[in-house]
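Engineer: Once you've had a glance at the structure underneath, I'll fire off some questions.
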Amino acid sequence: MTFGNDSNETLQGSNISHLSDDLVFRTVAAFPYVWIALGIAGMLSNAVVIAALYKSRLLQEPADRLVCNLAVVDFMTSFSGSVLCASARLTYPTKAHCVLCLYALVFFLNEQFITLILLTLDRYVAVTKPLHYSQIITERRITVALLASWIAKCCISFMIWMANTFDHGMSCVFESVAGKEVEILMLVIGGTCAVFMCTVYIHLMSIARKHARQMNPEGGANVSLGAELKRQVRLMKTFLIVCGVYLLCYTPQAALTVSGLAGAYYDRAGVVSGLCGTLILCNPVMDPVIYVWRMPEYRNAIKRLLRYTNRIV
C-alpha cells in the first residue's frame with residue numbers, strides 16, 4: 001500500500017512537471033505574437049506623432065525636434081522588436097537575420113537613451129535659464145547633437161556586434177551573447193547616465209518650486225517670465241515621466257543581465273527574457289500616450305491631423 005502511494009505521488013509529480021513544461025512552452029511560443037501586436041501599436045502611434053509634428057507649424061522648437069527624433073527611434077524600435085525578433089522566433093533564422101536583429105535592437109534601444117539624455121539637458125537649460133533658452137538651445141545645435149548621436153550609436157553598435165558570439169544551438173533572440181566586458185561596460189555607462197538624469201530632474205524640481213514661491217504676479221516682466229517658466233516646467237515634468245517609464249521598462253532586463261553575469265540566474269527557458277522583451281516593447285507604445293496626456297499642444301496637433309485625414313478619406 002505504501003509503495004502504491006509512492007507510485008501515485010510520483011505519477012502526480014510527473015504530471016505536474018509535464019503541465020509546467022507545457023505551460024512554459026506555450027508562454028514562450030506566445031511571446032512573438034505579443035511582440036507583433038505591441039510593435040504594430042508602437043509603429044502606428046509614433047507615426048501619428050511624427051506626422052502631427054511635421055504638419056504643425058507651432059511645434060518646431062528644439063524640444064519638439066527631440067521628441068520627433070524619439071518618436072522616430074520608438075517607431076524603429078517597435079519595427080525591429082516585432083518584425084525582426086518575432087520572425088526570428090517563429091522561423092529558423094539565418095545568421096544574417098540574427099546579426100540584423102542584434103544590430104538593430106542595440107542601435108535603436110541605445111539611441112532612445114541618448115535622446116532622453118539630450119531631452120534632460122534641454123530641460124535643464126529651459127528651467128534654469130528660461131529667458132535665454134532660445135539663444136542657448138538653437139535649431140542648429142540640436143541638429144548637430146542629433147546627428148552626432150546617430151553617428152556615435154552606429155559606431156558603438158558595430159563594436160558591440162563585433163564583440164558578440166553566435167551559437168546556433170540557441171534561439172536567435174538569445175543567440176547573440178556579448179562578452180562580459182562589453183555587458184559590464186554597457187551596464188556601468190547606462191547606470192551612470194540613469195543616475196545623472198535622475199539627479200538633474202530632482203535638481204530641476206527643487207528649482208521649479210523655488211521659482212514658484214518667489215514669482216510675483218505683479219509686473220509685465222514677471223508675468224511673462226512666470227508664463228514661460230510654467231510652460232517649461234510642464235514640459236520638464238512630461239519628459240520626467242517619459243524617462244521614468246523608460247527606466248521602469250528597461251530595469252528588469254538590466255537586472256536579468258546582472259544576475260546572469262553574477263551566475264545567480266540564467267533564463268534557459270526564455271520566459272523571463274520574453275517578459276523583459278515584452279516590457280521593453282511596451283515603452284514605445286507608452287510614449288505617445290504620455291505626450292497626449294501631458295501636452296495640450298501635441299493633443300491638439302494630433303486632433304487636427306486626424307480631422308485632416310478624415311476629410312481626405
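Every chain in the C-alpha cells has a letter given in the order shown (A, B, ...), and although residue numbers restart at 1 in each chain, ligands are simply numbered from 1 in the order shown.
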Tell me which protein, DNA and RNA residues are within 10 Å of Leu58 of chain A, counting only C-alpha atoms, leaving out same-chain ones fewer than 4 positions away, and put them as a PDB file with C-alpha atoms, in the first residue's frame.
Structural biologist:
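Final output, out-v8.pdb:
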ATOM      1  CA  LEU A  53       4.853  67.296 -35.543  1.00  0.00           C
ATOM      2  CA  TYR A  54       5.658  67.555 -39.246  1.00  0.00           C
ATOM      3  CA  ASP A  64       9.844  69.287 -30.339  1.00  0.00           C
ATOM      4  CA  GLU A 297      -0.166  71.252 -27.918  1.00  0.00           C
ATOM      5  CA  TYR A 298       0.518  67.691 -29.041  1.00  0.00           C
ATOM      6  CA  ALA A 301      -1.962  68.775 -33.236  1.00  0.00           C
TER       7      ALA A 301
END
Engineer: Can you pull out every residue within 12 Å of segment 287-289 of chain A, counting only C-alpha atoms, but drop anything in the same chain fewer than 5 positions away, and send it as an MDAnalysis selection string?
Structural biologist: chainID A and resid 41:50 52:53 67:68 70:75 78 112 116 238:246 249 280:282 294:295 298:299 302
Engineer: Please provide the set of residues having any atom within 12 Å of Leu121 of chain A, restricted to only C-alpha atoms, with same-chain residues fewer than 2 positions apart removed, written as a PyMOL selection string.
Structural biologist: chain A and resi 62-63+66+114-119+123-129+133+136-137+142+145+193+196-201+204+236+239-240
Engineer: Keeping only C-alpha atoms, write the selected residues to a file as a JSON list (two decimals), in the first residue's frame.
Structural biologist:
[["chain", "number", "residue", "atom", "x", "y", "z"],
["A", 62, "PRO", "CA", 14.24, 72.34, -30.23],
["A", 63, "ALA", "CA", 12.38, 70.24, -27.66],
["A", 66, "LEU", "CA", 14.00, 65.96, -29.86],
["A", 114, "ILE", "CA", 20.84, 59.17, -25.84],
["A", 115, "THR", "CA", 17.75, 61.13, -26.91],
["A", 116, "LEU", "CA", 16.44, 61.06, -23.34],
["A", 117, "ILE", "CA", 19.77, 62.44, -22.12],
["A", 118, "LEU", "CA", 19.54, 65.25, -24.69],
["A", 119, "LEU", "CA", 15.99, 65.97, -23.52],
["A", 123, "ARG", "CA", 15.10, 70.82, -19.84],
["A", 124, "TYR", "CA", 18.00, 71.84, -17.60],
["A", 125, "VAL", "CA", 18.69, 74.90, -19.73],
["A", 126, "ALA", "CA", 14.97, 75.66, -20.15],
["A", 127, "VAL", "CA", 14.24, 75.67, -16.41],
["A", 128, "THR", "CA", 17.45, 77.26, -15.15],
["A", 129, "LYS", "CA", 17.61, 79.94, -17.90],
["A", 133, "TYR", "CA", 16.74, 79.27, -23.71],
["A", 136, "ILE", "CA", 21.48, 78.66, -25.94],
["A", 137, "ILE", "CA", 19.47, 75.81, -27.46],
["A", 142, "ILE", "CA", 20.05, 70.37, -31.80],
["A", 145, "ALA", "CA", 23.70, 66.91, -31.46],
["A", 193, "CYS", "CA", 23.55, 58.05, -17.21],
["A", 196, "PHE", "CA", 22.70, 61.57, -13.93],
["A", 197, "MET", "CA", 19.19, 62.04, -15.37],
["A", 198, "CYS", "CA", 17.52, 61.36, -12.02],
["A", 199, "THR", "CA", 19.86, 63.82, -10.27],
["A", 200, "VAL", "CA", 19.20, 66.53, -12.87],
["A", 201, "TYR", "CA", 15.43, 66.14, -12.64],
["A", 204, "LEU", "CA", 15.14, 70.92, -11.58],
["A", 236, "MET", "CA", 10.06, 69.09, -17.83],
["A", 239, "PHE", "CA", 9.88, 64.34, -20.03],
["A", 240, "LEU", "CA", 10.49, 63.24, -16.44]]
Engineer: Ranking A:Asn69, A:Gln232, A:Ser82, A:Ser259 by minimum distance to Ser149 of chain A and counting only C-alpha atoms, which one comes first?
Structural biologist: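 Nearest to Ser149 of chain A: A:Asn69.
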Engineer: Can you work out the spacing between atom CA of Val258 of chain A and atom CA of Phe25 of chain A in Å, to one decimal?
Structural biologist: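 These atoms are spaced 25.0 Å apart.
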